[in-house]
$ cat target.pdb   # PDB, C-alpha atoms
ATOM      1  CA  MET D   1     197.044  88.406 117.299
ATOM      2  CA  THR D   2     199.415  90.534 119.392
ATOM      3  CA  ILE D   3     197.669  93.608 120.740
ATOM      4  CA  THR D   4     199.689  96.429 122.277
ATOM      5  CA  ILE D   5     198.132  99.249 124.270
ATOM      6  CA  ARG D   6     199.889 102.608 124.358
ATOM      7  CA  GLN D   7     199.293 106.263 125.106
ATOM      8  CA  ALA D   8     197.723 108.013 122.119
ATOM      9  CA  GLN D   9     199.722 110.663 120.272
ATOM     10  CA  PRO D  10     198.372 113.790 118.509
ATOM     11  CA  GLN D  11     199.136 112.226 115.116
ATOM     12  CA  ASP D  12     196.744 109.346 115.939
ATOM     13  CA  ALA D  13     193.755 111.651 115.419
ATOM     14  CA  HIS D  14     192.904 110.224 111.969
ATOM     15  CA  ALA D  15     192.200 106.806 113.523
ATOM     16  CA  VAL D  16     191.032 107.808 117.007
ATOM     17  CA  VAL D  17     188.524 110.576 116.271
ATOM     18  CA  PRO D  18     186.201 108.379 114.145
ATOM     19  CA  LEU D  19     186.132 105.833 116.983
ATOM     20  CA  ILE D  20     185.264 108.533 119.526
ATOM     21  CA  ILE D  21     182.434 109.689 117.261
ATOM     22  CA  ASP D  22     181.279 106.088 116.786
ATOM     23  CA  ALA D  23     181.100 105.669 120.557
ATOM     24  CA  ILE D  24     179.520 108.971 121.590
ATOM     25  CA  GLY D  25     177.290 109.655 118.575
ATOM     26  CA  ASP D  26     175.398 112.949 118.658
ATOM     27  CA  ILE D  27     177.198 113.985 121.829
ATOM     28  CA  ALA D  28     180.110 114.838 119.514
ATOM     29  CA  ASN D  29     177.921 117.537 117.954
ATOM     30  CA  ARG D  30     177.301 119.107 121.367
ATOM     31  CA  LEU D  31     180.969 118.890 122.388
ATOM     32  CA  THR D  32     182.152 120.573 119.196
ATOM     33  CA  GLY D  33     179.277 122.989 118.604
ATOM     34  CA  GLU D  34     179.000 121.651 115.046
ATOM     35  CA  GLN D  35     176.327 119.845 113.048
ATOM     36  CA  SER D  36     177.871 118.554 109.821
ATOM     37  CA  ALA D  37     179.863 115.327 110.017
ATOM     38  CA  ASP D  38     182.931 116.958 108.460
ATOM     39  CA  ALA D  39     182.874 119.887 110.888
ATOM     40  CA  VAL D  40     182.401 117.572 113.877
ATOM     41  CA  MET D  41     185.372 115.490 112.715
ATOM     42  CA  GLN D  42     187.532 118.585 112.186
ATOM     43  CA  GLU D  43     186.708 120.161 115.560
ATOM     44  CA  LEU D  44     186.982 116.913 117.522
ATOM     45  CA  THR D  45     190.402 116.459 115.933
ATOM     46  CA  ILE D  46     191.379 119.853 117.333
ATOM     47  CA  LEU D  47     190.117 118.827 120.785
ATOM     48  CA  PHE D  48     191.946 115.492 120.584
ATOM     49  CA  GLN D  49     195.217 117.230 119.730
ATOM     50  CA  ARG D  50     194.866 119.675 122.634
ATOM     51  CA  ASP D  51     195.954 118.792 126.175
ATOM     52  CA  ASP D  52     193.160 120.335 128.240
ATOM     53  CA  ASN D  53     189.914 118.404 127.727
ATOM     54  CA  ARG D  54     188.432 114.972 128.333
ATOM     55  CA  HIS D  55     188.954 113.795 124.743
ATOM     56  CA  SER D  56     192.587 114.879 124.609
ATOM     57  CA  TYR D  57     195.225 112.438 123.406
ATOM     58  CA  LEU D  58     196.612 112.676 126.951
ATOM     59  CA  ASN D  59     193.494 110.865 128.237
ATOM     60  CA  THR D  60     193.368 108.390 125.374
ATOM     61  CA  PHE D  61     194.994 104.996 124.996
ATOM     62  CA  VAL D  62     195.004 102.962 121.802
ATOM     63  CA  ALA D  63     195.035  99.228 121.180
ATOM     64  CA  THR D  64     197.202  98.442 118.178
ATOM     65  CA  GLU D  65     198.263  95.486 116.118
ATOM     66  CA  ASP D  66     201.086  96.008 113.631
ATOM     67  CA  GLU D  67     200.816  99.794 114.136
ATOM     68  CA  GLN D  68     197.103  99.755 113.188
ATOM     69  CA  ILE D  69     194.761 101.290 115.761
ATOM     70  CA  LEU D  70     191.993  98.800 116.516
ATOM     71  CA  GLY D  71     190.429 100.324 119.632
ATOM     72  CA  ILE D  72     190.481 103.240 122.031
ATOM     73  CA  LEU D  73     190.066 103.945 125.728
ATOM     74  CA  VAL D  74     189.374 107.450 127.028
ATOM     75  CA  TYR D  75     190.206 107.464 130.744
ATOM     76  CA  TYR D  76     190.738 110.163 133.372
ATOM     77  CA  TYR D  77     190.277 110.933 137.044
ATOM     78  CA  GLY D  78     186.859 112.279 138.048
ATOM     79  CA  ALA D  79     188.315 115.252 139.931
ATOM     80  CA  HIS D  80     190.132 116.376 136.774
ATOM     81  CA  ALA D  81     186.932 116.430 134.729
ATOM     82  CA  ILE D  82     185.776 119.676 136.361
ATOM     83  CA  GLU D  83     188.682 121.688 134.949
ATOM     84  CA  MET D  84     188.695 119.839 131.621
ATOM     85  CA  ASP D  85     184.990 120.506 131.119
ATOM     86  CA  ALA D  86     185.410 124.180 132.045
ATOM     87  CA  ASN D  87     188.131 124.391 129.374
ATOM     88  CA  LEU D  88     185.748 122.862 126.834
ATOM     89  CA  VAL D  89     182.954 125.297 127.689
ATOM     90  CA  GLN D  90     185.411 128.204 127.355
ATOM     91  CA  TRP D  91     186.644 126.872 123.976
ATOM     92  CA  LEU D  92     183.059 126.624 122.716
ATOM     93  CA  ALA D  93     182.414 130.210 123.826
ATOM     94  CA  THR D  94     185.448 131.510 121.918
ATOM     95  CA  LYS D  95     184.110 129.963 118.711
ATOM     96  CA  ASN D  96     180.583 131.289 119.389
ATOM     97  CA  ALA D  97     179.141 127.780 119.590
ATOM     98  CA  PRO D  98     175.944 127.125 121.518
ATOM     99  CA  SER D  99     176.524 127.182 125.265
ATOM    100  CA  ILE D 100     176.263 123.773 126.889
ATOM    101  CA  VAL D 101     176.215 122.305 130.356
ATOM    102  CA  ILE D 102     178.443 119.260 130.584
ATOM    103  CA  ASP D 103     176.998 116.655 132.884
ATOM    104  CA  ARG D 104     179.276 115.190 135.506
ATOM    105  CA  GLU D 105     179.976 111.565 134.612
ATOM    106  CA  ALA D 106     181.971 110.392 137.640
ATOM    107  CA  HIS D 107     182.500 111.190 141.277
ATOM    108  CA  GLU D 108     185.658 113.125 142.088
ATOM    109  CA  ASP D 109     187.241 110.135 143.855
ATOM    110  CA  GLU D 110     186.892 107.762 140.885
ATOM    111  CA  ALA D 111     189.065 106.955 137.903
ATOM    112  CA  TYR D 112     186.641 107.024 135.006
ATOM    113  CA  ILE D 113     186.275 105.125 131.751
ATOM    114  CA  ASP D 114     184.678 107.737 129.520
ATOM    115  CA  THR D 115     184.811 105.896 126.216
ATOM    116  CA  VAL D 116     185.762 102.464 124.917
ATOM    117  CA  CYS D 117     185.365 101.710 121.238
ATOM    118  CA  VAL D 118     186.725  99.000 118.972
ATOM    119  CA  ALA D 119     186.953  99.393 115.201
ATOM    120  CA  PRO D 120     184.104  97.535 113.468
ATOM    121  CA  THR D 121     186.533  95.199 111.682
ATOM    122  CA  ALA D 122     188.163  94.200 114.995
ATOM    123  CA  ARG D 123     185.074  93.614 117.132
ATOM    124  CA  GLY D 124     184.502  90.281 118.820
ATOM    125  CA  LYS D 125     188.198  89.618 119.370
ATOM    126  CA  GLY D 126     188.409  90.666 123.032
ATOM    127  CA  ILE D 127     190.007  94.054 122.389
ATOM    128  CA  GLY D 128     187.355  95.912 124.383
ATOM    129  CA  THR D 129     187.991  93.630 127.355
ATOM    130  CA  LEU D 130     191.757  94.228 127.029
ATOM    131  CA  LEU D 131     191.164  97.982 127.108
ATOM    132  CA  LEU D 132     188.969  97.676 130.210
ATOM    133  CA  GLN D 133     191.629  95.547 131.914
ATOM    134  CA  TYR D 134     194.229  98.150 130.950
ATOM    135  CA  ALA D 135     192.089 100.800 132.676
ATOM    136  CA  GLU D 136     192.097  98.621 135.801
ATOM    137  CA  GLU D 137     195.900  98.404 135.719
ATOM    138  CA  LEU D 138     196.220 102.179 135.243
ATOM    139  CA  THR D 139     193.883 102.723 138.173
ATOM    140  CA  LYS D 140     195.974 100.515 140.450
ATOM    141  CA  GLN D 141     199.290 101.978 139.235
ATOM    142  CA  ARG D 142     198.069 105.502 139.896
ATOM    143  CA  GLY D 143     196.959 104.576 143.411
ATOM    144  CA  TYR D 144     193.242 105.089 142.853
ATOM    145  CA  THR D 145     190.790 102.797 144.633
ATOM    146  CA  LYS D 146     187.718 103.111 142.406
ATOM    147  CA  LEU D 147     187.194 102.696 138.673
ATOM    148  CA  SER D 148     183.838 103.718 137.244
ATOM    149  CA  LEU D 149     181.889 103.844 134.017
ATOM    150  CA  ASN D 150     178.349 104.556 132.901
ATOM    151  CA  VAL D 151     176.287 102.231 130.752
ATOM    152  CA  GLU D 152     172.978 103.040 129.129
ATOM    153  CA  ILE D 153     170.082 101.220 130.804
ATOM    154  CA  GLU D 154     169.100  99.384 127.615
ATOM    155  CA  LYS D 155     172.616  98.066 126.887
ATOM    156  CA  GLU D 156     172.167  94.856 128.843
ATOM    157  CA  ASP D 157     174.955  92.924 127.074
ATOM    158  CA  ALA D 158     177.469  95.644 127.940
ATOM    159  CA  ARG D 159     176.235  95.733 131.539
ATOM    160  CA  ARG D 160     176.672  91.971 131.836
ATOM    161  CA  LEU D 161     180.235  92.238 130.473
ATOM    162  CA  TYR D 162     181.072  94.911 133.027
ATOM    163  CA  GLU D 163     179.578  92.799 135.801
ATOM    164  CA  ARG D 164     181.690  89.805 134.710
ATOM    165  CA  LEU D 165     184.727  92.093 135.007
ATOM    166  CA  GLY D 166     183.784  92.991 138.588
ATOM    167  CA  PHE D 167     181.846  96.231 138.177
ATOM    168  CA  VAL D 168     178.684  96.687 140.229
ATOM    169  CA  ILE D 169     175.822  99.107 139.740
ATOM    170  CA  THR D 170     176.075 101.684 142.495
ATOM    171  CA  GLU D 171     173.422 104.215 141.505
ATOM    172  CA  PRO D 172     171.275 105.563 138.695
ATOM    173  CA  TRP D 173     172.907 108.313 136.627
ATOM    174  CA  SER D 174     171.708 110.791 134.036
ATOM    175  CA  ILE D 175     173.729 112.163 131.126
ATOM    176  CA  ILE D 176     172.000 114.604 128.800
ATOM    177  CA  ASP D 177     168.709 113.548 130.361
ATOM    178  CA  GLU D 178     169.261 109.901 129.394
ATOM    179  CA  PRO D 179     169.218 107.149 132.064
ATOM    180  CA  PHE D 180     172.402 105.205 132.810
ATOM    181  CA  HIS D 181     173.684 102.765 135.382
ATOM    182  CA  HIS D 182     176.753 104.086 137.211
ATOM    183  CA  MET D 183     179.042 101.100 137.753
ATOM    184  CA  VAL D 184     182.104 100.930 139.996
ATOM    185  CA  LYS D 185     184.880  98.448 140.589
ATOM    186  CA  GLN D 186     186.793  98.901 143.849
ATOM    187  CA  PHE D 187     190.362  97.867 144.569
TER     188      PHE D 187
END

$ encode --input "target.pdb" --output "structure tokens"
Amino acid sequence: MTITIRQAQPQDAHAVVPLIIDAIGDIANRLTGEQSADAVMQELTILFQRDDNRHSYLNTFVATEDEQILGILVYYYGAHAIEMDANLVQWLATKNAPSIVIDREAHEDEAYIDTVCVAPTARGKGIGTLLLQYAEELTKQRGYTKLSLNVEIEKEDARRLYERLGFVITEPWSIIDEPFHHMVKQF
């Protein structure tokens, strides 16, 4: 298996958006202001193809084998999230969607792994670990000194994986009133 990781492109939406939804679940409904699965998919596709929000193709990297997208990484700098989230709130307002408050997910001085998801048929092959290692390389290349992520308290297997990769729990975190561990790896 030869896995290549590359920057996502707008035309990747058909493969990327279902993986984002798989990873974030009902949060996709809040971020799009929609309830039906089809509408969520359609609106998240619009967000993915834009360049001004956290789930933009510009913040997304894809793991591929033979041109097939097997996994995704959504990654950005914490300081940039403020503007990206303001853009999302403004977009929701223009479509008369319910107003939301977007919880901060990283400190401003951290590179942040927002989402990692591997296609169900490709799980267990180390692709998630490759994507996390890619995020580490991006962090170093861009001159950042901290890489962070949040993991739900009950996801102990994921937490152990992150710890094996050098992340440490630095503080409790809350996203949409749910408890998380905030984990950081320093360089």

$ closest_atom_pairs --input "target.pdb" --of "stretch 103-186 of chain D" --to "stretch 14-32 of chain D" --cutoff "7 Å" --atoms "all atoms listed in the file" --output "Markdown table"
| residue | atom | partner | partner_atom | distance |
| --- | --- | --- | --- | --- |
| D:Thr115 | CA | D:Ala23 | CA | 6.8 |
| D:Cys117 | CA | D:Ala23 | CA | 5.9 |
| D:Ala119 | CA | D:Leu19 | CA | 6.7 |

$ write_last_selection --input "target.pdb" --atoms "C-alpha atoms" --output "short mmCIF file (atom, residue, chain, number, x, y, z; two decimals), in the coordinates of the input"
data_model
loop_
_atom_site.label_atom_id
_atom_site.label_comp_id
_atom_site.auth_asym_id
_atom_site.auth_seq_id
_atom_site.Cartn_x
_atom_site.Cartn_y
_atom_site.Cartn_z
CA THR D 115 184.81 105.90 126.22
CA CYS D 117 185.36 101.71 121.24
CA ALA D 119 186.95 99.39 115.20
#

$ residues_around --input "target.pdb" --residues "stretch 97-112 of chain D" --least-positions-apart "5" --cutoff "6 Å" --atoms "all atoms listed in the file" --output "PyMOL selection string"
chain D and resi 33+75-79+92+146-149+175

$ closest_residue --input "target.pdb" --among "D:Trp173, D:Tyr57, D:Trp91, D:Tyr162" --to "D:Glu136" --atoms "only C-alpha atoms"
D:Tyr162

$ resolve_selection --input "target.pdb" --expression "the PyMOL selection byres ((chain D and resi 56) around 10)" --output "ChimeraX atom specification"
/D:8-10,13,44-55,57-60,74-75,84

$ axis_aligned_box --input "target.pdb" --around "stretch 20-27 of chain D" --padding-each-side "4 Å" --output "AutoDock Vina command-line options"
--center_x 180.3 --center_y 109.8 --center_z 119.3 --size_x 17.9 --size_y 16.3 --size_z 13.0

$ atom_distance --input "target.pdb" --atom1 "atom CA of D:Pro179" --atom2 "atom CA of D:Glu152"
6.3 Å

$ resolve_selection --input "target.pdb" --expression "the PyMOL selection byres ((chain D and resi 163) around 12)" --output "list in words"
Thr129, Leu132, Ser148, Leu149, Val151, Glu156, Asp157, Ala158, Arg159, Arg160, Leu161, Tyr162, Arg164, Leu165, Gly166, Phe167, Val168, Ile169, Thr170, His181, His182, Met183, Val184 and Lys185 of chain D

$ write_last_selection --input "target.pdb" --atoms "C-alpha atoms" --output "compact mmCIF listing (two decimals), keeping the file's coordinate frame"
# COMPACT_ATOMS: atom_id res chain seq x y z
CA THR D 129 187.99 93.63 127.36
CA LEU D 132 188.97 97.68 130.21
CA SER D 148 183.84 103.72 137.24
CA LEU D 149 181.89 103.84 134.02
CA VAL D 151 176.29 102.23 130.75
CA GLU D 156 172.17 94.86 128.84
CA ASP D 157 174.96 92.92 127.07
CA ALA D 158 177.47 95.64 127.94
CA ARG D 159 176.24 95.73 131.54
CA ARG D 160 176.67 91.97 131.84
CA LEU D 161 180.24 92.24 130.47
CA TYR D 162 181.07 94.91 133.03
CA ARG D 164 181.69 89.80 134.71
CA LEU D 165 184.73 92.09 135.01
CA GLY D 166 183.78 92.99 138.59
CA PHE D 167 181.85 96.23 138.18
CA VAL D 168 178.68 96.69 140.23
CA ILE D 169 175.82 99.11 139.74
CA THR D 170 176.08 101.68 142.50
CA HIS D 181 173.68 102.76 135.38
CA HIS D 182 176.75 104.09 137.21
CA MET D 183 179.04 101.10 137.75
CA VAL D 184 182.10 100.93 140.00
CA LYS D 185 184.88 98.45 140.59

$ resolve_selection --input "target.pdb" --expression "the PyMOL selection byres ((chain D and resi 63) around 7)" --output "PyMOL selection string"
chain D and resi 3-6+61-62+64+69-72

$ atom_distance --input "target.pdb" --atom1 "atom CA of D:Glu178" --atom2 "atom CA of D:Val89"
20.7 Å

$ closest_residue --input "target.pdb" --among "D:Asn87, D:Glu34, D:Phe187, D:Thr94" --to "D:Leu138" --atoms "only C-alpha atoms"
D:Phe187

$ closest_residue --input "target.pdb" --among "D:Ala122, D:Leu73, D:Leu131, D:Val40" --to "D:Met1" --atoms "only C-alpha atoms"
D:Ala122

$ atom_distance --input "target.pdb" --atom1 "atom CA of D:Glu67" --atom2 "atom CA of D:Ala135"
20.5 Å

$ decode --input "target.pdb" --residues "stretch 23-46 of chain D" --atoms "N, CA and C atoms" --output "JSON list (two decimals), in the first residue's frame"
[["chain", "number", "residue", "atom", "x", "y", "z"],
["D", 23, "ALA", "N", -16.98, 12.04, 11.00],
["D", 23, "ALA", "CA", -16.16, 12.40, 12.16],
["D", 23, "ALA", "C", -16.89, 13.33, 13.13],
["D", 24, "ILE", "N", -17.63, 14.31, 12.62],
["D", 24, "ILE", "CA", -18.19, 15.31, 13.53],
["D", 24, "ILE", "C", -19.66, 15.08, 13.86],
["D", 25, "GLY", "N", -20.31, 14.16, 13.18],
["D", 25, "GLY", "CA", -21.69, 13.79, 13.53],
["D", 25, "GLY", "C", -22.65, 14.96, 13.48],
["D", 26, "ASP", "N", -23.44, 15.09, 14.56],
["D", 26, "ASP", "CA", -24.48, 16.12, 14.61],
["D", 26, "ASP", "C", -23.94, 17.54, 14.60],
["D", 27, "ILE", "N", -22.67, 17.70, 14.86],
["D", 27, "ILE", "CA", -22.08, 19.04, 14.79],
["D", 27, "ILE", "C", -22.23, 19.58, 13.37],
["D", 28, "ALA", "N", -22.24, 18.70, 12.38],
["D", 28, "ALA", "CA", -22.43, 19.14, 10.99],
["D", 28, "ALA", "C", -23.78, 19.84, 10.82],
["D", 29, "ASN", "N", -24.79, 19.39, 11.54],
["D", 29, "ASN", "CA", -26.10, 20.05, 11.47],
["D", 29, "ASN", "C", -26.00, 21.49, 11.98],
["D", 30, "ARG", "N", -25.30, 21.67, 13.10],
["D", 30, "ARG", "CA", -25.15, 23.01, 13.67],
["D", 30, "ARG", "C", -24.35, 23.91, 12.73],
["D", 31, "LEU", "N", -23.27, 23.36, 12.14],
["D", 31, "LEU", "CA", -22.39, 24.17, 11.30],
["D", 31, "LEU", "C", -23.02, 24.56, 9.97],
["D", 32, "THR", "N", -24.04, 23.81, 9.55],
["D", 32, "THR", "CA", -24.69, 24.12, 8.29],
["D", 32, "THR", "C", -26.07, 24.74, 8.47],
["D", 33, "GLY", "N", -26.62, 24.65, 9.67],
["D", 33, "GLY", "CA", -27.97, 25.16, 9.92],
["D", 33, "GLY", "C", -29.04, 24.27, 9.30],
["D", 34, "GLU", "N", -28.70, 23.03, 9.01],
["D", 34, "GLU", "CA", -29.62, 22.11, 8.33],
["D", 34, "GLU", "C", -29.90, 20.89, 9.20],
["D", 35, "GLN", "N", -30.98, 20.19, 8.88],
["D", 35, "GLN", "CA", -31.34, 18.99, 9.64],
["D", 35, "GLN", "C", -31.33, 17.72, 8.81],
["D", 36, "SER", "N", -31.78, 17.78, 7.57],
["D", 36, "SER", "CA", -31.82, 16.55, 6.76],
["D", 36, "SER", "C", -30.41, 16.20, 6.29],
["D", 37, "ALA", "N", -30.16, 14.91, 6.16],
["D", 37, "ALA", "CA", -28.83, 14.45, 5.74],
["D", 37, "ALA", "C", -28.43, 15.03, 4.39],
["D", 38, "ASP", "N", -29.36, 15.08, 3.46],
["D", 38, "ASP", "CA", -29.05, 15.63, 2.13],
["D", 38, "ASP", "C", -28.69, 17.10, 2.20],
["D", 39, "ALA", "N", -29.44, 17.86, 2.99],
["D", 39, "ALA", "CA", -29.17, 19.30, 3.11],
["D", 39, "ALA", "C", -27.84, 19.55, 3.81],
["D", 40, "VAL", "N", -27.54, 18.76, 4.84],
["D", 40, "VAL", "CA", -26.26, 18.89, 5.53],
["D", 40, "VAL", "C", -25.12, 18.62, 4.55],
["D", 41, "MET", "N", -25.25, 17.56, 3.77],
["D", 41, "MET", "CA", -24.22, 17.21, 2.78],
["D", 41, "MET", "C", -24.05, 18.34, 1.76],
["D", 42, "GLN", "N", -25.14, 18.86, 1.27],
["D", 42, "GLN", "CA", -25.10, 19.94, 0.26],
["D", 42, "GLN", "C", -24.43, 21.19, 0.83],
["D", 43, "GLU", "N", -24.81, 21.60, 2.01],
["D", 43, "GLU", "CA", -24.29, 22.84, 2.60],
["D", 43, "GLU", "C", -22.84, 22.68, 3.06],
["D", 44, "LEU", "N", -22.49, 21.51, 3.58],
["D", 44, "LEU", "CA", -21.10, 21.28, 3.98],
["D", 44, "LEU", "C", -20.20, 21.23, 2.73],
["D", 45, "THR", "N", -20.74, 20.77, 1.64],
["D", 45, "THR", "CA", -20.00, 20.81, 0.37],
["D", 45, "THR", "C", -19.70, 22.25, -0.01],
["D", 46, "ILE", "N", -20.68, 23.11, 0.14],
["D", 46, "ILE", "CA", -20.46, 24.54, -0.14],
["D", 46, "ILE", "C", -19.36, 25.08, 0.77]]
